[in-house]
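A short worksheet on the structure shown next.
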Amino acid sequence: MFASLSLILRILVAWAAAIVVAGFVWSGFFHGMDEGPGWVFGLLALFLMITALGSCITHLRRVSTLAGHLDAATLSSRQRRQIELPMDAGEAFSLVEQAIKELPRVEDIESAAGSLQVRAYVRRVDPYNGRPPSRWNLPARLAIKRNSVLATVTPGQGTSSVTLVFEPDAGVWADLLAVDEGSNYENAEAVSRAITRRVSEQRRDEQAAAEQTATEKELSVARLNLLHAQVEPHFLYNTLANAQVLTRTDPPRADQMLGHLIQYLRSSLPSVDESMSTLGVELERTKAYLEILKIRMGARLALQVDVPPALETLPLPSMALQTLVENAIKHGLEPKPGGGTVWIIARAFDDHVTLTVADDGLGFGQGSSGTGIGLKNLRERLRLTCGERAGVAIVSNFPSGVAATITLPRDAREAIHAA
């Protein structure tokens, strides 16, 4: 109540003082200092005082409707807002700029990204719909037509402070003689709401993206575990079945096969729940696997390995190398009467590393048929763990056989940690 009365009193006193000064000027021009300003001037002064009082009442009612209460802060024609944003200065500047552009009747927007400032002007509601007011309607002719908005972004440590100033596009006299009918308060609240909405939407999008990433990671882990589980069992079943036969026909060879199986399991079981391994670990596992097969194939199977020691720490999906070796044996060398050789070759290039498993077996279309599940699983595991640039290519070997090459990006280690 006190703020409302103070505003009305201040406006009326300012207009009264202006009318007194104008009365002296009127008397000097039209009548003379001794005669006074006259009844015409008195009527004009009364009209101005009533108009000023009406403007104050309209201002009070509109601000009360907008804010729900009246105090010095809400009644002021000059509004200031301070908002802290959890983002860097450039992002905060773009957000504030977009929020100001959404104001109704905004015009003449001036953006300075270098100084992190935005200035704009907002036209007030025009009761005359663009028509000029009557020449006798002095308050309407002197009325302020628009408000200004100034936004300044101050950068901080991971946050930004935004200062918003809303005021009439006029000099200091506007604070004494005119009110804005709550238009600056309305603009201040509108921009504050727009900024809050945009920050909420951004945080909601970030939370949704984080939840989606977590879900995709859980799905990837589950798929990797499933693919890994599909690779392990069949080799163990086959080896144990062969050992069972050899215990009846050739006990020394059965004992040798079980010894190699123990070595194979020693390198496999500690990481059975791991989706990733290294080339060195996979090479040791594959050698144990081939030693088991040599017992069954004898001199029909030979192995040549050319892997630089520097590449043994290369991240590799578990069982990836053995999958290619199994295919070379099953589809290339085992059906071939004379057997053959398996080559394991690793090479490093500028932006990628290749791991090749080649054989001189029967080649395409002549070996035993397969389902392709192993290679399909391997491609999927490479994509999930090493990125889209990783893959497997299979070509004919010269003069016979097949060569399968895994290609891994040199930054595969970072991609795996990120996954």
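Scheme for the structure tokens: letters A, B, ... for chains in order shown; per-chain residue numbers from 1; ligand numbers from 1 in order shown.
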Inset, instruction - Just list the residues in range 247-404 of chain A DSSP gives strand (DSSP E or B) on the backbone, as number ranges by chain. - result: A: 276-278, 301-306, 315-317, 340-348, 352-359, 391-396, 402-404
Inset, instruction - Any chance you could list, as a PyMOL selection string, the residues in range 142-333 of chain A that come up alpha helix (DSSP H) when DSSP is run on the backbone? - result: chain A and resi 142+173-177+183-249+251-268+279-297+320-327
Legend entry - Residues near Ile144 in chain A, cut-off 12 Å, only C-alpha atoms, skip fewer than 2 positions along chain, as a PyMOL selection string: chain A and resi 77+122-126+139-142+146-148+167-171+173-175+177-181+183
So which residues touch Lys101 in chain A within 12 Å, counting only C-alpha atoms, skipping near sequence neighbours fewer than 3 positions away, as a PDB file with N, CA, C and O atoms, in the first residue's frame?
ATOM      1  N   SER A  94      24.176 -17.399 -26.538  1.00  0.00           N
ATOM      2  CA  SER A  94      23.232 -17.858 -27.565  1.00  0.00           C
ATOM      3  C   SER A  94      21.851 -18.090 -26.974  1.00  0.00           C
ATOM      4  O   SER A  94      20.830 -17.743 -27.581  1.00  0.00           O
ATOM      5  N   LEU A  95      21.806 -18.668 -25.780  1.00  0.00           N
ATOM      6  CA  LEU A  95      20.517 -18.939 -25.138  1.00  0.00           C
ATOM      7  C   LEU A  95      19.779 -17.645 -24.823  1.00  0.00           C
ATOM      8  O   LEU A  95      18.576 -17.523 -25.076  1.00  0.00           O
ATOM      9  N   VAL A  96      20.497 -16.648 -24.253  1.00  0.00           N
ATOM     10  CA  VAL A  96      19.873 -15.376 -23.905  1.00  0.00           C
ATOM     11  C   VAL A  96      19.416 -14.641 -25.165  1.00  0.00           C
ATOM     12  O   VAL A  96      18.324 -14.050 -25.206  1.00  0.00           O
ATOM     13  N   GLU A  97      20.225 -14.683 -26.206  1.00  0.00           N
ATOM     14  CA  GLU A  97      19.870 -14.015 -27.462  1.00  0.00           C
ATOM     15  C   GLU A  97      18.573 -14.591 -28.031  1.00  0.00           C
ATOM     16  O   GLU A  97      17.682 -13.847 -28.459  1.00  0.00           O
ATOM     17  N   GLN A  98      18.447 -15.907 -28.023  1.00  0.00           N
ATOM     18  CA  GLN A  98      17.230 -16.536 -28.527  1.00  0.00           C
ATOM     19  C   GLN A  98      16.028 -16.198 -27.659  1.00  0.00           C
ATOM     20  O   GLN A  98      14.914 -15.996 -28.174  1.00  0.00           O
ATOM     21  N   PRO A 104       7.409 -10.679 -27.808  1.00  0.00           N
ATOM     22  CA  PRO A 104       6.480 -10.073 -28.771  1.00  0.00           C
ATOM     23  C   PRO A 104       6.876  -8.619 -29.060  1.00  0.00           C
ATOM     24  O   PRO A 104       7.327  -7.905 -28.164  1.00  0.00           O
ATOM     25  N   ARG A 105       6.714  -8.211 -30.309  1.00  0.00           N
ATOM     26  CA  ARG A 105       6.964  -6.836 -30.764  1.00  0.00           C
ATOM     27  C   ARG A 105       8.417  -6.398 -30.594  1.00  0.00           C
ATOM     28  O   ARG A 105       8.714  -5.219 -30.499  1.00  0.00           O
ATOM     29  N   VAL A 106       9.348  -7.360 -30.528  1.00  0.00           N
ATOM     30  CA  VAL A 106      10.757  -6.993 -30.401  1.00  0.00           C
ATOM     31  C   VAL A 106      11.273  -6.494 -31.745  1.00  0.00           C
ATOM     32  O   VAL A 106      10.837  -6.933 -32.812  1.00  0.00           O
ATOM     33  N   GLU A 107      12.213  -5.545 -31.714  1.00  0.00           N
ATOM     34  CA  GLU A 107      12.775  -4.979 -32.933  1.00  0.00           C
ATOM     35  C   GLU A 107      14.149  -4.420 -32.638  1.00  0.00           C
ATOM     36  O   GLU A 107      14.544  -4.236 -31.476  1.00  0.00           O
ATOM     37  N   ASP A 108      14.888  -4.157 -33.720  1.00  0.00           N
ATOM     38  CA  ASP A 108      16.223  -3.544 -33.617  1.00  0.00           C
ATOM     39  C   ASP A 108      17.116  -4.303 -32.639  1.00  0.00           C
ATOM     40  O   ASP A 108      17.656  -3.732 -31.682  1.00  0.00           O
ATOM     41  N   ILE A 109      17.296  -5.584 -32.879  1.00  0.00           N
ATOM     42  CA  ILE A 109      18.159  -6.398 -32.013  1.00  0.00           C
ATOM     43  C   ILE A 109      19.611  -6.206 -32.434  1.00  0.00           C
ATOM     44  O   ILE A 109      19.964  -6.353 -33.597  1.00  0.00           O
ATOM     45  N   GLU A 110      20.460  -5.874 -31.468  1.00  0.00           N
ATOM     46  CA  GLU A 110      21.889  -5.690 -31.716  1.00  0.00           C
ATOM     47  C   GLU A 110      22.647  -6.695 -30.853  1.00  0.00           C
ATOM     48  O   GLU A 110      22.608  -6.622 -29.617  1.00  0.00           O
ATOM     49  N   SER A 111      23.340  -7.638 -31.500  1.00  0.00           N
ATOM     50  CA  SER A 111      24.093  -8.669 -30.789  1.00  0.00           C
ATOM     51  C   SER A 111      25.580  -8.436 -30.986  1.00  0.00           C
ATOM     52  O   SER A 111      26.035  -8.173 -32.099  1.00  0.00           O
ATOM     53  N   VAL A 118      23.671  -8.147 -25.630  1.00  0.00           N
ATOM     54  CA  VAL A 118      22.545  -8.095 -26.554  1.00  0.00           C
ATOM     55  C   VAL A 118      21.679  -6.907 -26.156  1.00  0.00           C
ATOM     56  O   VAL A 118      21.312  -6.770 -24.982  1.00  0.00           O
ATOM     57  N   ARG A 119      21.389  -6.044 -27.120  1.00  0.00           N
ATOM     58  CA  ARG A 119      20.485  -4.922 -26.878  1.00  0.00           C
ATOM     59  C   ARG A 119      19.339  -5.007 -27.876  1.00  0.00           C
ATOM     60  O   ARG A 119      19.548  -5.285 -29.051  1.00  0.00           O
ATOM     61  N   ALA A 120      18.131  -4.762 -27.380  1.00  0.00           N
ATOM     62  CA  ALA A 120      16.953  -4.814 -28.245  1.00  0.00           C
ATOM     63  C   ALA A 120      15.938  -3.799 -27.758  1.00  0.00           C
ATOM     64  O   ALA A 120      16.023  -3.285 -26.628  1.00  0.00           O
ATOM     65  N   TYR A 121      14.959  -3.522 -28.610  1.00  0.00           N
ATOM     66  CA  TYR A 121      13.876  -2.600 -28.271  1.00  0.00           C
ATOM     67  C   TYR A 121      12.545  -3.313 -28.495  1.00  0.00           C
ATOM     68  O   TYR A 121      12.381  -4.062 -29.458  1.00  0.00           O
ATOM     69  N   VAL A 122      11.617  -3.046 -27.587  1.00  0.00           N
ATOM     70  CA  VAL A 122      10.314  -3.708 -27.631  1.00  0.00           C
ATOM     71  C   VAL A 122       9.238  -2.629 -27.698  1.00  0.00           C
ATOM     72  O   VAL A 122       9.157  -1.764 -26.805  1.00  0.00           O
ATOM     73  N   VAL A 149      15.893  -3.346 -23.878  1.00  0.00           N
ATOM     74  CA  VAL A 149      16.358  -4.527 -23.156  1.00  0.00           C
ATOM     75  C   VAL A 149      17.860  -4.627 -23.358  1.00  0.00           C
ATOM     76  O   VAL A 149      18.348  -4.572 -24.493  1.00  0.00           O
ATOM     77  N   ALA A 151      21.093  -7.120 -22.210  1.00  0.00           N
ATOM     78  CA  ALA A 151      21.540  -8.355 -21.571  1.00  0.00           C
ATOM     79  C   ALA A 151      23.056  -8.421 -21.642  1.00  0.00           C
ATOM     80  O   ALA A 151      23.652  -8.225 -22.708  1.00  0.00           O
ATOM     81  N   ASN A 187       8.062  -7.779 -19.639  1.00  0.00           N
ATOM     82  CA  ASN A 187       9.184  -8.224 -20.461  1.00  0.00           C
ATOM     83  C   ASN A 187      10.228  -8.972 -19.636  1.00  0.00           C
ATOM     84  O   ASN A 187      10.780  -9.985 -20.083  1.00  0.00           O
ATOM     85  N   ALA A 190       8.934 -12.404 -18.886  1.00  0.00           N
ATOM     86  CA  ALA A 190       8.878 -13.226 -20.105  1.00  0.00           C
ATOM     87  C   ALA A 190      10.261 -13.756 -20.474  1.00  0.00           C
ATOM     88  O   ALA A 190      10.424 -14.944 -20.793  1.00  0.00           O
ATOM     89  N   VAL A 191      11.290 -12.898 -20.434  1.00  0.00           N
ATOM     90  CA  VAL A 191      12.640 -13.340 -20.775  1.00  0.00           C
ATOM     91  C   VAL A 191      13.156 -14.331 -19.726  1.00  0.00           C
ATOM     92  O   VAL A 191      13.790 -15.338 -20.071  1.00  0.00           O
ATOM     93  N   ALA A 194      11.587 -17.620 -20.434  1.00  0.00           N
ATOM     94  CA  ALA A 194      12.135 -18.224 -21.655  1.00  0.00           C
ATOM     95  C   ALA A 194      13.509 -18.841 -21.386  1.00  0.00           C
ATOM     96  O   ALA A 194      13.817 -19.939 -21.862  1.00  0.00           O
ATOM     97  N   ILE A 195      14.343 -18.140 -20.608  1.00  0.00           N
ATOM     98  CA  ILE A 195      15.665 -18.677 -20.274  1.00  0.00           C
ATOM     99  C   ILE A 195      15.525 -19.937 -19.430  1.00  0.00           C
ATOM    100  O   ILE A 195      16.193 -20.954 -19.668  1.00  0.00           O
TER     101      ILE A 195
END
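The smallest atom-to-atom distance between Val63 in chain A and any of A:Asn397, A:Gln212, A:Asn377, A:Ser4, using only C-alpha atoms, is found for A:Ser4.
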Inset, instruction - Counting only C-alpha atoms, figure out which residue out of A:Ala52, A:Leu378, A:Ile57, A:Leu265 gets nearest to Ser318 in chain A. - result: A:Leu378
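Counting from CA of Arg389 in chain A, the distance to CA of His352 in chain A is 9.3 Å.
One finds CA of Leu316 in chain A at 27.6 Å from CA of Ile295 in chain A.
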Legend entry - For range 85-93 of chain A: contacts at 9 Å, only C-alpha atoms, fewer than 4 positions along chain excluded, given as a list in words: Glu97, Gln98, Ala113, Leu116, Gln117, Val118, Ala151, Thr152, Val153, Thr154, Pro155, Gly156, Gln157, Gly158, Thr159, Ser160, Ser161, Val162 and Val199 of chain A
Legend entry - Point-to-point distance in Å for CA of Ala393 in chain A and CA of Thr405 in chain A: 5.3 Å
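Nearest residue to Asp255 in chain A, choosing from A:Ala358, A:Ile292, A:Leu333, A:Leu5 and counting only C-alpha atoms: A:Ile292.
Between Thr163 in chain A and the residues A:Asn327, A:Ser396, A:Gln79, A:Ser27, the shortest atom-to-atom distance, using only C-alpha atoms, involves A:Gln79.
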Legend entry - Which of A:Ser115, A:Asn184, A:Thr341, A:Thr213 sits closest to Arg62 in chain A [using only C-alpha atoms]: A:Asn184
Would you pick out the contacts of Ser64 in chain A at 9 Å or less, using only C-alpha atoms, so that residues sharing its chain but fewer than 6 positions from it are not included, and give the list as a PDB file with C-alpha atoms, in the first residue's frame?
ATOM      1  CA  LEU A  70       2.477  -4.566  -5.306  1.00  0.00           C
ATOM      2  CA  THR A  74       7.298  -4.611  -9.147  1.00  0.00           C
ATOM      3  CA  LEU A  75       6.021  -1.043  -9.577  1.00  0.00           C
ATOM      4  CA  GLY A 182       3.919  -2.826 -16.168  1.00  0.00           C
TER       5      GLY A 182
END
Write out as a PDB file with N, CA and C atoms, in the first residue's frame which residues come within 12 Å of Arg285 in chain A when counting only C-alpha atoms, dropping same-chain ones fewer than 3 positions away.
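The resulting out.pdb:
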ATOM      1  N   HIS A 260      47.253 -80.000 -22.946  1.00  0.00           N
ATOM      2  CA  HIS A 260      47.088 -78.768 -23.732  1.00  0.00           C
ATOM      3  C   HIS A 260      45.738 -78.104 -23.436  1.00  0.00           C
ATOM      4  N   LEU A 261      44.720 -78.917 -23.173  1.00  0.00           N
ATOM      5  CA  LEU A 261      43.417 -78.344 -22.829  1.00  0.00           C
ATOM      6  C   LEU A 261      43.495 -77.575 -21.513  1.00  0.00           C
ATOM      7  N   ILE A 262      44.239 -78.123 -20.554  1.00  0.00           N
ATOM      8  CA  ILE A 262      44.414 -77.404 -19.285  1.00  0.00           C
ATOM      9  C   ILE A 262      45.110 -76.068 -19.519  1.00  0.00           C
ATOM     10  N   GLN A 263      46.143 -76.076 -20.380  1.00  0.00           N
ATOM     11  CA  GLN A 263      46.839 -74.819 -20.692  1.00  0.00           C
ATOM     12  C   GLN A 263      45.893 -73.835 -21.376  1.00  0.00           C
ATOM     13  N   TYR A 264      45.066 -74.344 -22.268  1.00  0.00           N
ATOM     14  CA  TYR A 264      44.099 -73.490 -22.957  1.00  0.00           C
ATOM     15  C   TYR A 264      43.105 -72.873 -21.972  1.00  0.00           C
ATOM     16  N   LEU A 265      42.596 -73.721 -21.067  1.00  0.00           N
ATOM     17  CA  LEU A 265      41.618 -73.207 -20.099  1.00  0.00           C
ATOM     18  C   LEU A 265      42.267 -72.219 -19.134  1.00  0.00           C
ATOM     19  N   ARG A 266      43.543 -72.420 -18.817  1.00  0.00           N
ATOM     20  CA  ARG A 266      44.225 -71.505 -17.900  1.00  0.00           C
ATOM     21  C   ARG A 266      44.298 -70.099 -18.484  1.00  0.00           C
ATOM     22  N   SER A 267      44.466 -70.006 -19.802  1.00  0.00           N
ATOM     23  CA  SER A 267      44.517 -68.686 -20.442  1.00  0.00           C
ATOM     24  C   SER A 267      43.134 -68.147 -20.764  1.00  0.00           C
ATOM     25  N   SER A 268      42.116 -69.016 -20.725  1.00  0.00           N
ATOM     26  CA  SER A 268      40.773 -68.587 -21.120  1.00  0.00           C
ATOM     27  C   SER A 268      39.884 -68.257 -19.949  1.00  0.00           C
ATOM     28  N   LEU A 269      39.859 -69.096 -18.949  1.00  0.00           N
ATOM     29  CA  LEU A 269      38.862 -68.948 -17.900  1.00  0.00           C
ATOM     30  C   LEU A 269      38.989 -67.676 -17.079  1.00  0.00           C
ATOM     31  N   PRO A 270      40.176 -67.159 -16.765  1.00  0.00           N
ATOM     32  CA  PRO A 270      40.221 -65.912 -15.989  1.00  0.00           C
ATOM     33  C   PRO A 270      39.528 -64.759 -16.678  1.00  0.00           C
ATOM     34  N   SER A 271      39.430 -64.811 -18.010  1.00  0.00           N
ATOM     35  CA  SER A 271      38.807 -63.694 -18.728  1.00  0.00           C
ATOM     36  C   SER A 271      37.529 -64.115 -19.430  1.00  0.00           C
ATOM     37  N   SER A 277      40.276 -58.492 -24.758  1.00  0.00           N
ATOM     38  CA  SER A 277      41.535 -59.126 -24.388  1.00  0.00           C
ATOM     39  C   SER A 277      42.648 -58.358 -25.099  1.00  0.00           C
ATOM     40  N   THR A 278      43.809 -58.982 -25.262  1.00  0.00           N
ATOM     41  CA  THR A 278      44.906 -58.390 -26.030  1.00  0.00           C
ATOM     42  C   THR A 278      45.389 -59.411 -27.039  1.00  0.00           C
ATOM     43  N   LEU A 279      46.102 -58.939 -28.039  1.00  0.00           N
ATOM     44  CA  LEU A 279      46.607 -59.835 -29.070  1.00  0.00           C
ATOM     45  C   LEU A 279      47.548 -60.868 -28.477  1.00  0.00           C
ATOM     46  N   GLY A 280      48.369 -60.470 -27.487  1.00  0.00           N
ATOM     47  CA  GLY A 280      49.284 -61.419 -26.865  1.00  0.00           C
ATOM     48  C   GLY A 280      48.559 -62.555 -26.164  1.00  0.00           C
ATOM     49  N   VAL A 281      47.523 -62.206 -25.391  1.00  0.00           N
ATOM     50  CA  VAL A 281      46.748 -63.225 -24.678  1.00  0.00           C
ATOM     51  C   VAL A 281      46.018 -64.128 -25.673  1.00  0.00           C
ATOM     52  N   GLU A 282      45.431 -63.528 -26.702  1.00  0.00           N
ATOM     53  CA  GLU A 282      44.708 -64.314 -27.704  1.00  0.00           C
ATOM     54  C   GLU A 282      45.655 -65.219 -28.489  1.00  0.00           C
ATOM     55  N   ALA A 288      47.681 -72.732 -27.858  1.00  0.00           N
ATOM     56  CA  ALA A 288      47.248 -73.900 -27.085  1.00  0.00           C
ATOM     57  C   ALA A 288      46.157 -74.657 -27.830  1.00  0.00           C
ATOM     58  N   TYR A 289      45.269 -73.910 -28.461  1.00  0.00           N
ATOM     59  CA  TYR A 289      44.196 -74.530 -29.248  1.00  0.00           C
ATOM     60  C   TYR A 289      44.772 -75.343 -30.410  1.00  0.00           C
ATOM     61  N   LEU A 290      45.776 -74.785 -31.106  1.00  0.00           N
ATOM     62  CA  LEU A 290      46.367 -75.478 -32.247  1.00  0.00           C
ATOM     63  C   LEU A 290      47.174 -76.694 -31.811  1.00  0.00           C
ATOM     64  N   GLU A 291      47.789 -76.618 -30.642  1.00  0.00           N
ATOM     65  CA  GLU A 291      48.501 -77.793 -30.135  1.00  0.00           C
ATOM     66  C   GLU A 291      47.543 -78.952 -29.920  1.00  0.00           C
ATOM     67  N   ILE A 292      46.339 -78.640 -29.459  1.00  0.00           N
ATOM     68  CA  ILE A 292      45.330 -79.696 -29.292  1.00  0.00           C
ATOM     69  C   ILE A 292      44.957 -80.290 -30.639  1.00  0.00           C
ATOM     70  N   SER A 318      37.854 -60.744 -27.215  1.00  0.00           N
ATOM     71  CA  SER A 318      38.182 -62.100 -26.790  1.00  0.00           C
ATOM     72  C   SER A 318      37.675 -63.115 -27.812  1.00  0.00           C
ATOM     73  N   MET A 319      38.501 -64.115 -28.128  1.00  0.00           N
ATOM     74  CA  MET A 319      38.197 -65.204 -29.058  1.00  0.00           C
ATOM     75  C   MET A 319      38.176 -64.763 -30.513  1.00  0.00           C
ATOM     76  N   ALA A 320      38.533 -63.501 -30.810  1.00  0.00           N
ATOM     77  CA  ALA A 320      38.496 -63.043 -32.204  1.00  0.00           C
ATOM     78  C   ALA A 320      39.498 -63.798 -33.062  1.00  0.00           C
ATOM     79  N   LEU A 321      40.744 -63.915 -32.569  1.00  0.00           N
ATOM     80  CA  LEU A 321      41.777 -64.605 -33.339  1.00  0.00           C
ATOM     81  C   LEU A 321      41.440 -66.081 -33.502  1.00  0.00           C
ATOM     82  N   GLN A 322      40.966 -66.711 -32.438  1.00  0.00           N
ATOM     83  CA  GLN A 322      40.664 -68.130 -32.510  1.00  0.00           C
ATOM     84  C   GLN A 322      39.512 -68.408 -33.474  1.00  0.00           C
ATOM     85  N   THR A 323      38.552 -67.476 -33.569  1.00  0.00           N
ATOM     86  CA  THR A 323      37.441 -67.660 -34.509  1.00  0.00           C
ATOM     87  C   THR A 323      37.957 -67.796 -35.934  1.00  0.00           C
ATOM     88  N   VAL A 325      41.038 -68.656 -36.834  1.00  0.00           N
ATOM     89  CA  VAL A 325      41.839 -69.882 -36.943  1.00  0.00           C
ATOM     90  C   VAL A 325      40.930 -71.098 -37.053  1.00  0.00           C
TER      91      VAL A 325
END
